[in-house]
>>> print(open('target-v3.cif').read())   # mmCIF, C-alpha atoms
data_work
#
loop_
_atom_site.label_atom_id
_atom_site.label_comp_id
_atom_site.auth_asym_id
_atom_site.auth_seq_id
_atom_site.Cartn_x
_atom_site.Cartn_y
_atom_site.Cartn_z
CA MET A 18 117.67 -76.65 17.56
CA LYS A 19 119.59 -79.34 15.67
CA ALA A 20 118.98 -77.53 12.39
CA ARG A 21 120.45 -74.34 13.91
CA LYS A 22 123.53 -76.21 15.12
CA ARG A 23 124.02 -77.77 11.70
CA LYS A 24 123.68 -74.34 10.13
CA ASP A 25 126.25 -72.89 12.56
CA ARG A 26 128.69 -75.72 11.84
CA PHE A 27 128.18 -75.27 8.11
CA LEU A 28 128.83 -71.52 8.29
CA LYS A 29 131.90 -72.02 10.49
CA GLY A 30 133.20 -74.61 8.05
CA LEU A 31 132.54 -72.29 5.13
CA MET A 32 134.40 -69.40 6.80
CA PHE A 33 137.28 -71.70 7.66
CA ALA A 34 137.43 -72.90 4.07
CA CYS A 35 137.48 -69.30 2.79
CA ALA A 36 140.30 -68.40 5.18
CA LEU A 37 142.21 -71.53 4.18
CA ILE A 38 141.84 -70.77 0.46
CA ALA A 39 143.07 -67.21 1.01
CA CYS A 40 146.11 -68.47 2.93
CA LEU A 41 146.86 -71.07 0.27
CA ILE A 42 146.72 -68.46 -2.50
CA LEU A 43 149.08 -66.21 -0.52
CA LEU A 44 151.49 -69.09 0.14
CA LEU A 45 151.34 -70.11 -3.52
CA LEU A 46 152.21 -66.60 -4.69
CA LEU A 47 154.98 -66.15 -2.12
CA GLY A 48 156.37 -69.60 -2.87
CA GLU A 49 156.47 -68.95 -6.61
CA ILE A 50 158.20 -65.59 -6.12
CA LEU A 51 160.73 -66.98 -3.64
CA VAL A 52 161.54 -70.07 -5.72
CA ARG A 53 162.16 -68.03 -8.86
CA GLY A 54 163.64 -64.95 -7.22
CA VAL A 55 165.98 -66.09 -4.45
CA PRO A 56 168.47 -67.91 -6.77
CA SER A 57 168.85 -64.70 -8.81
CA ILE A 58 169.80 -62.54 -5.82
CA SER A 59 173.51 -61.90 -5.53
CA TRP A 60 175.78 -59.43 -3.79
CA LYS A 61 176.68 -57.94 -7.16
CA LEU A 62 173.01 -57.36 -7.99
CA LEU A 63 172.44 -55.56 -4.69
CA THR A 64 175.56 -53.38 -4.66
CA THR A 65 176.06 -52.26 -8.27
CA GLU A 66 174.20 -50.29 -10.93
CA SER A 67 173.11 -51.41 -14.40
CA SER A 68 175.56 -50.67 -17.17
CA TYR A 69 175.14 -51.27 -20.90
CA ARG A 70 178.88 -50.86 -21.44
CA ASP A 71 179.87 -53.50 -18.90
CA ASP A 72 176.74 -55.62 -19.57
CA THR A 73 175.88 -55.76 -15.87
CA ILE A 74 172.64 -55.44 -13.95
CA GLY A 75 172.49 -53.87 -10.50
CA ILE A 76 169.63 -52.46 -8.47
CA LEU A 77 171.41 -50.45 -5.77
CA PRO A 78 170.17 -47.13 -7.27
CA ASN A 79 166.61 -48.46 -7.23
CA ILE A 80 166.86 -49.53 -3.59
CA LEU A 81 168.15 -46.09 -2.62
CA ASN A 82 165.48 -44.34 -4.71
CA THR A 83 162.78 -46.36 -2.95
CA LEU A 84 164.12 -45.37 0.46
CA TYR A 85 164.42 -41.74 -0.62
CA ILE A 86 160.84 -41.58 -1.84
CA ILE A 87 159.51 -43.26 1.32
CA LEU A 88 161.46 -40.81 3.51
CA ILE A 89 160.35 -37.64 1.70
CA THR A 90 156.73 -38.75 1.34
CA MET A 91 156.35 -39.66 5.00
CA ILE A 92 158.07 -36.44 6.17
CA ILE A 93 155.40 -34.50 4.29
CA VAL A 94 152.36 -36.71 4.82
CA ILE A 95 152.62 -37.40 8.57
CA PRO A 96 152.23 -33.80 9.80
CA LEU A 97 149.62 -33.07 7.12
CA GLY A 98 147.58 -36.20 7.79
CA VAL A 99 147.80 -36.11 11.59
CA GLY A 100 147.14 -32.36 11.66
CA ALA A 101 144.08 -32.70 9.43
CA ALA A 102 142.72 -35.53 11.58
CA ILE A 103 143.26 -33.52 14.76
CA TYR A 104 141.39 -30.58 13.27
CA LEU A 105 138.49 -32.77 12.13
CA ASN A 106 138.13 -34.52 15.47
CA GLU A 107 139.12 -31.88 18.02
CA TYR A 108 138.52 -28.44 16.53
CA ALA A 109 135.98 -28.57 13.69
CA SER A 110 132.51 -27.58 14.88
CA ASN A 111 130.74 -27.65 11.50
CA GLN A 112 129.75 -31.30 11.13
CA LYS A 113 128.65 -30.73 7.54
CA LEU A 114 132.17 -29.59 6.65
CA VAL A 115 133.63 -32.58 8.48
CA SER A 116 131.34 -34.92 6.51
CA ILE A 117 132.37 -33.33 3.21
CA ILE A 118 136.08 -33.59 4.00
CA THR A 119 135.70 -37.18 5.21
CA PHE A 120 133.74 -38.13 2.08
CA ALA A 121 136.37 -36.50 -0.15
CA SER A 122 139.14 -38.32 1.69
CA GLU A 123 137.41 -41.68 1.34
CA THR A 124 136.72 -41.01 -2.34
CA LEU A 125 140.41 -40.33 -3.00
CA THR A 126 141.34 -43.79 -1.69
CA GLY A 127 139.33 -45.40 -4.50
CA ILE A 128 140.88 -43.47 -7.39
CA PRO A 129 143.21 -45.62 -9.56
CA SER A 130 146.87 -44.81 -9.02
CA ILE A 131 147.47 -44.19 -12.73
CA LEU A 132 145.18 -41.16 -12.47
CA PHE A 133 147.28 -39.82 -9.61
CA GLY A 134 150.30 -40.25 -11.86
CA LEU A 135 148.69 -38.23 -14.64
CA ALA A 136 147.54 -35.55 -12.18
CA GLY A 137 151.00 -35.41 -10.61
CA MET A 138 152.67 -35.06 -14.01
CA LEU A 139 150.29 -32.26 -14.99
CA LEU A 140 150.50 -30.39 -11.67
CA PHE A 141 154.08 -30.84 -10.50
CA ILE A 142 155.98 -31.27 -13.77
CA GLN A 143 154.08 -29.27 -16.36
CA ILE A 144 152.58 -26.51 -14.18
CA CYS A 145 155.08 -26.23 -11.29
CA GLY A 146 158.09 -26.89 -13.54
CA LEU A 147 159.66 -29.75 -11.60
CA LYS A 148 161.63 -32.38 -13.48
CA GLN A 149 160.95 -36.10 -13.30
CA GLY A 150 162.50 -37.35 -10.09
CA ILE A 151 162.06 -38.25 -6.46
CA LEU A 152 160.55 -34.88 -5.54
CA ALA A 153 157.74 -34.97 -8.10
CA GLY A 154 157.12 -38.63 -7.30
CA SER A 155 156.97 -37.93 -3.57
CA PHE A 156 154.49 -35.08 -4.01
CA THR A 157 152.30 -37.38 -6.10
CA LEU A 158 152.44 -40.13 -3.49
CA VAL A 159 151.52 -37.62 -0.79
CA MET A 160 148.20 -37.09 -2.59
CA MET A 161 147.70 -40.86 -2.71
CA VAL A 162 148.50 -41.84 0.88
CA LEU A 163 147.26 -38.71 2.68
CA PRO A 164 143.64 -40.03 2.88
CA THR A 165 144.92 -43.26 4.46
CA VAL A 166 146.79 -41.43 7.21
CA ILE A 167 143.90 -39.02 7.80
CA SER A 168 141.23 -41.72 8.06
CA ASN A 169 143.25 -44.03 10.34
CA THR A 170 144.29 -41.17 12.62
CA HIS A 171 140.74 -39.79 12.70
CA GLU A 172 139.26 -43.14 13.67
CA SER A 173 141.96 -43.64 16.29
CA LEU A 174 141.28 -40.22 17.83
CA LYS A 175 137.59 -41.13 18.08
CA THR A 176 138.45 -44.14 20.26
CA VAL A 177 140.07 -41.98 22.96
CA PRO A 178 137.42 -41.59 25.71
CA ASP A 179 136.08 -38.08 26.29
CA SER A 180 136.75 -38.55 29.99
CA TYR A 181 140.49 -38.35 29.26
CA ARG A 182 140.00 -34.96 27.63
CA GLU A 183 137.72 -33.72 30.37
CA GLY A 184 140.13 -34.85 33.08
CA ALA A 185 143.07 -33.08 31.43
CA LEU A 186 141.08 -29.88 30.97
CA ALA A 187 139.81 -30.04 34.56
CA LEU A 188 143.42 -30.15 35.78
CA GLY A 189 144.08 -26.84 34.02
CA SER A 190 145.64 -28.10 30.83
CA GLY A 191 145.15 -26.06 27.66
CA LYS A 192 143.46 -27.69 24.68
CA TRP A 193 146.61 -28.14 22.62
CA ARG A 194 148.54 -29.46 25.62
CA MET A 195 145.67 -31.87 26.30
CA ILE A 196 145.79 -33.09 22.69
CA ARG A 197 149.59 -33.39 22.70
CA THR A 198 150.02 -35.12 26.05
CA VAL A 199 146.80 -37.12 26.44
CA VAL A 200 144.94 -37.67 23.17
CA LEU A 201 147.81 -38.31 20.75
CA PRO A 202 149.68 -40.84 22.97
CA ASN A 203 146.48 -42.83 23.42
CA ALA A 204 145.80 -42.73 19.67
CA MET A 205 149.36 -43.65 18.67
CA ASP A 206 148.49 -47.22 17.70
CA GLY A 207 146.08 -46.04 15.00
CA ILE A 208 148.50 -43.40 13.78
CA VAL A 209 151.28 -45.96 13.40
CA THR A 210 148.88 -48.31 11.62
CA GLY A 211 148.04 -45.59 9.12
CA CYS A 212 151.76 -44.93 8.57
CA ILE A 213 152.42 -48.64 8.02
CA LEU A 214 149.66 -48.82 5.41
CA ALA A 215 151.01 -45.68 3.75
CA ILE A 216 154.56 -47.05 3.62
CA GLY A 217 153.26 -50.32 2.16
CA ARG A 218 151.45 -48.46 -0.60
CA ILE A 219 154.47 -46.28 -1.32
CA THR A 220 156.77 -49.29 -1.52
CA GLY A 221 154.51 -51.17 -3.91
CA GLU A 222 153.47 -48.24 -6.10
CA SER A 223 154.60 -48.11 -9.72
CA ALA A 224 151.86 -46.70 -11.97
CA ALA A 225 151.91 -43.22 -10.39
CA LEU A 226 155.71 -43.10 -10.50
CA LEU A 227 156.06 -43.96 -14.17
CA PHE A 228 155.01 -40.40 -15.08
CA THR A 229 156.58 -38.52 -12.18
CA ALA A 230 159.70 -40.25 -10.81
CA GLY A 231 160.84 -41.65 -14.17
CA PHE A 232 162.78 -44.67 -15.45
CA GLY A 233 166.36 -43.70 -14.60
CA LEU A 234 168.58 -46.59 -13.50
CA LYS A 235 171.83 -44.65 -12.98
CA MET A 236 173.38 -44.04 -9.58
CA VAL A 237 173.01 -40.42 -8.46
CA ASP A 238 173.25 -38.81 -5.04
CA PHE A 239 170.23 -37.80 -2.99
CA PHE A 240 170.06 -34.19 -4.13
CA GLN A 241 170.50 -35.06 -7.82
CA SER A 242 167.78 -37.72 -7.58
CA LEU A 243 165.27 -35.08 -6.49
CA GLN A 244 165.24 -33.55 -9.97
CA SER A 245 166.49 -36.35 -12.22
CA SER A 246 164.76 -39.46 -13.53
CA SER A 247 165.04 -42.09 -10.78
CA ALA A 248 163.33 -45.47 -10.90
CA THR A 249 162.19 -47.13 -7.68
CA LEU A 250 162.24 -50.90 -7.19
CA THR A 251 158.71 -51.37 -8.52
CA VAL A 252 159.42 -49.30 -11.64
CA ALA A 253 162.68 -51.21 -12.15
CA LEU A 254 160.74 -54.48 -11.85
CA TYR A 255 158.40 -53.25 -14.60
CA ILE A 256 161.34 -52.25 -16.82
CA TYR A 257 163.22 -55.54 -16.47
CA ALA A 258 160.09 -57.67 -16.90
CA SER A 259 158.32 -55.85 -19.75
CA GLU A 260 161.07 -54.09 -21.70
CA ARG A 261 164.14 -56.27 -21.21
CA GLY A 262 162.56 -59.66 -20.62
CA ALA A 263 164.87 -60.26 -17.64
CA TYR A 264 162.35 -62.17 -15.57
CA ASP A 265 164.99 -63.56 -13.22
CA VAL A 266 165.93 -60.02 -12.19
CA ALA A 267 162.24 -59.07 -11.93
CA PHE A 268 161.56 -61.94 -9.53
CA ALA A 269 164.68 -61.06 -7.53
CA ILE A 270 163.38 -57.50 -7.16
CA ALA A 271 160.00 -58.90 -6.09
CA VAL A 272 161.72 -60.86 -3.30
CA ILE A 273 163.58 -57.73 -2.19
CA LEU A 274 160.32 -55.77 -2.13
CA ILE A 275 158.73 -58.42 0.07
CA ILE A 276 161.71 -58.33 2.45
CA LEU A 277 161.78 -54.52 2.48
CA THR A 278 158.06 -54.31 3.23
CA PHE A 279 158.44 -56.88 6.02
CA LEU A 280 161.36 -54.99 7.59
CA LEU A 281 159.54 -51.65 7.43
CA ASN A 282 156.46 -53.17 9.05
CA MET A 283 158.62 -54.74 11.76
CA LEU A 284 160.28 -51.38 12.41
CA ALA A 285 156.92 -49.62 12.63
CA SER A 286 155.49 -52.31 14.94
CA ARG A 287 158.54 -52.09 17.18
CA THR A 288 158.17 -48.33 17.34
CA ALA A 289 154.50 -48.69 18.27
CA SER A 290 155.31 -51.20 21.01
CA ARG A 291 157.96 -48.86 22.43
CA VAL A 292 155.48 -46.00 22.48
CA LYS A 293 152.88 -48.21 24.19
CA LYS A 294 155.43 -49.43 26.75
CA LYS A 295 156.59 -45.87 27.44
CA ARG A 296 152.99 -44.78 27.81
CA GLY A 297 152.34 -47.62 30.26
CA ASP A 298 155.35 -46.64 32.35
#
>>> encode(input="target-v3.cif", output="structure tokens")
Amino acid sequence: MKARKRKDRFLKGLMFACALIACLILLLLLGEILVRGVPSISWKLLTTESSYRDDTIGILPNILNTLYIILITMIIVIPLGVGAAIYLNEYASNQKLVSIITFASETLTGIPSILFGLAGMLLFIQICGLKQGILAGSFTLVMMVLPTVISNTHESLKTVPDSYREGALALGSGKWRMIRTVVLPNAMDGIVTGCILAIGRITGESAALLFTAGFGLKMVDFFQSLQSSSATLTVALYIYASERGAYDVAFAIAVILIILTFLLNMLASRTASRVKKKRGD
């Protein structure tokens, strides 16, 4: 009995130590980025564009490009991912087909992003004839984050009790109305979680965008950016760190990416809480 208690205390201590080490590593990384990046952030950096003629550096175009690519990717991926998950969980009767699709979706999540970039360049730029820009980059990111949205939505739909479905159908509701009014609201937490994970991956992605979105640092409007080289924040970070040696700007961009990711997650969490509150009312 004493030996078992000592073993339990040892394992608890070991798990606590692992959690503490992970937190310390995270704090160390965040601290290093904040210490080196915050002093380099200025209003001029955030509201201007880079210019060789004026010898200035600004990242406003990159901030806008990042928001553009998040917006377009999520507009495409949410209906595709949620629709595919609904079909797999509510309509598909061939379990072998469901297993194949699920396996393919899970396999896609493990493919390196650089391969998605090469595939996107081949498919959307060389075959479909698109130019480097936000549109080609968004289509490439759709392929990357679609499995995440599908898997999270699928697992969330599985957690909705069958009694909810049976009750709605017994009251005379059609299947689609039952899914729309009963199943989806109860699975909204998992859907929002999948969207948050997708947005996080989009925000932090660079390798896939090097070949598809491009390296452009000039300010262009939304419609021009769709078909012209437009660097996101992560690509701009790579350019300033590796090609220009401007590490102060690179760390400043890293701080902005952390803040942007935090704000997007807060917005998504707030949306989820509103949906849950509305559902409770």
>>> resolve_selection(input="target-v3.cif", expression="the PyMOL selection byres ((chain A and resi 221) around 10)", output="ChimeraX atom specification")
/A:83,216-220,222-224,249-252,271,274-275,278
>>> residues_around(input="target-v3.cif", residues="Ser130 (chain A)", least_positions_apart="5", cutoff="10 Å", atoms="all atoms listed in the file", output="PyMOL selection string")
chain A and resi 125+135-136+157-158+161+222-226
>>> resolve_selection(input="target-v3.cif", expression="the PyMOL selection byres ((chain A and resi 178-180) around 12)", output="JSON, numbers by chain")
{"A": [106, 107, 173, 174, 175, 176, 177, 181, 182, 183, 184, 185, 186, 187, 195, 196, 199, 200, 201, 203, 204]}
>>> resolve_selection(input="target-v3.cif", expression="the PyMOL selection byres ((chain A and resi 68-79) around 12)", output="PDB file with C-alpha atoms, keeping the file's coordinate frame")
ATOM      1  CA  SER A  57     168.850 -64.700  -8.810  1.00  0.00           C
ATOM      2  CA  ILE A  58     169.800 -62.540  -5.820  1.00  0.00           C
ATOM      3  CA  SER A  59     173.510 -61.900  -5.530  1.00  0.00           C
ATOM      4  CA  TRP A  60     175.780 -59.430  -3.790  1.00  0.00           C
ATOM      5  CA  LYS A  61     176.680 -57.940  -7.160  1.00  0.00           C
ATOM      6  CA  LEU A  62     173.010 -57.360  -7.990  1.00  0.00           C
ATOM      7  CA  LEU A  63     172.440 -55.560  -4.690  1.00  0.00           C
ATOM      8  CA  THR A  64     175.560 -53.380  -4.660  1.00  0.00           C
ATOM      9  CA  THR A  65     176.060 -52.260  -8.270  1.00  0.00           C
ATOM     10  CA  GLU A  66     174.200 -50.290 -10.930  1.00  0.00           C
ATOM     11  CA  SER A  67     173.110 -51.410 -14.400  1.00  0.00           C
ATOM     12  CA  ILE A  80     166.860 -49.530  -3.590  1.00  0.00           C
ATOM     13  CA  LEU A  81     168.150 -46.090  -2.620  1.00  0.00           C
ATOM     14  CA  ASN A  82     165.480 -44.340  -4.710  1.00  0.00           C
ATOM     15  CA  THR A  83     162.780 -46.360  -2.950  1.00  0.00           C
ATOM     16  CA  LEU A  84     164.120 -45.370   0.460  1.00  0.00           C
ATOM     17  CA  TYR A  85     164.420 -41.740  -0.620  1.00  0.00           C
ATOM     18  CA  ILE A  86     160.840 -41.580  -1.840  1.00  0.00           C
ATOM     19  CA  ILE A 151     162.060 -38.250  -6.460  1.00  0.00           C
ATOM     20  CA  THR A 220     156.770 -49.290  -1.520  1.00  0.00           C
ATOM     21  CA  ALA A 230     159.700 -40.250 -10.810  1.00  0.00           C
ATOM     22  CA  GLY A 231     160.840 -41.650 -14.170  1.00  0.00           C
ATOM     23  CA  PHE A 232     162.780 -44.670 -15.450  1.00  0.00           C
ATOM     24  CA  GLY A 233     166.360 -43.700 -14.600  1.00  0.00           C
ATOM     25  CA  LEU A 234     168.580 -46.590 -13.500  1.00  0.00           C
ATOM     26  CA  LYS A 235     171.830 -44.650 -12.980  1.00  0.00           C
ATOM     27  CA  MET A 236     173.380 -44.040  -9.580  1.00  0.00           C
ATOM     28  CA  VAL A 237     173.010 -40.420  -8.460  1.00  0.00           C
ATOM     29  CA  ASP A 238     173.250 -38.810  -5.040  1.00  0.00           C
ATOM     30  CA  PHE A 239     170.230 -37.800  -2.990  1.00  0.00           C
ATOM     31  CA  SER A 242     167.780 -37.720  -7.580  1.00  0.00           C
ATOM     32  CA  SER A 246     164.760 -39.460 -13.530  1.00  0.00           C
ATOM     33  CA  SER A 247     165.040 -42.090 -10.780  1.00  0.00           C
ATOM     34  CA  ALA A 248     163.330 -45.470 -10.900  1.00  0.00           C
ATOM     35  CA  THR A 249     162.190 -47.130  -7.680  1.00  0.00           C
ATOM     36  CA  LEU A 250     162.240 -50.900  -7.190  1.00  0.00           C
ATOM     37  CA  THR A 251     158.710 -51.370  -8.520  1.00  0.00           C
ATOM     38  CA  VAL A 252     159.420 -49.300 -11.640  1.00  0.00           C
ATOM     39  CA  ALA A 253     162.680 -51.210 -12.150  1.00  0.00           C
ATOM     40  CA  LEU A 254     160.740 -54.480 -11.850  1.00  0.00           C
ATOM     41  CA  ILE A 256     161.340 -52.250 -16.820  1.00  0.00           C
ATOM     42  CA  TYR A 257     163.220 -55.540 -16.470  1.00  0.00           C
ATOM     43  CA  ARG A 261     164.140 -56.270 -21.210  1.00  0.00           C
ATOM     44  CA  ALA A 263     164.870 -60.260 -17.640  1.00  0.00           C
ATOM     45  CA  ASP A 265     164.990 -63.560 -13.220  1.00  0.00           C
ATOM     46  CA  VAL A 266     165.930 -60.020 -12.190  1.00  0.00           C
ATOM     47  CA  ALA A 267     162.240 -59.070 -11.930  1.00  0.00           C
ATOM     48  CA  ALA A 269     164.680 -61.060  -7.530  1.00  0.00           C
ATOM     49  CA  ILE A 270     163.380 -57.500  -7.160  1.00  0.00           C
ATOM     50  CA  ALA A 271     160.000 -58.900  -6.090  1.00  0.00           C
ATOM     51  CA  ILE A 273     163.580 -57.730  -2.190  1.00  0.00           C
ATOM     52  CA  LEU A 274     160.320 -55.770  -2.130  1.00  0.00           C
TER      53      LEU A 274
END
>>> closest_residue(input="target-v3.cif", among="A:Met160, A:Leu284, A:Ala109, A:Leu97", to="Phe133 (chain A)", atoms="all atoms listed in the file")
A:Met160
>>> atom_distance(input="target-v3.cif", atom1="CA of Cys212 (chain A)", atom2="CA of Val166 (chain A)")
6.2 Å
>>> closest_residue(input="target-v3.cif", among="A:Ser259, A:Thr198, A:Ser155, A:Asn282", to="Gly211 (chain A)", atoms="only C-alpha atoms")
A:Asn282
>>> atom_distance(input="target-v3.cif", atom1="CA of Leu37 (chain A)", atom2="CA of Lys22 (chain A)")
22.1 Å
>>> atom_distance(input="target-v3.cif", atom1="CA of Ile118 (chain A)", atom2="CA of Tyr104 (chain A)")
11.1 Å
>>> closest_residue(input="target-v3.cif", among="A:Ile50, A:Leu277, A:Leu163, A:Met205", to="Glu123 (chain A)", atoms="all atoms listed in the file")
A:Leu163
>>> closest_residue(input="target-v3.cif", among="A:Val115, A:Leu140, A:Cys145, A:Met91", to="Leu214 (chain A)", atoms="all atoms listed in the file")
A:Met91
>>> axis_aligned_box(input="target-v3.cif", around="region 138-157 of chain A", padding_each_side="5 Å", output="AutoDock Vina command-line options")
--center_x 156.4 --center_y -32.4 --center_z -10.0 --size_x 22.2 --size_y 22.4 --size_z 22.8
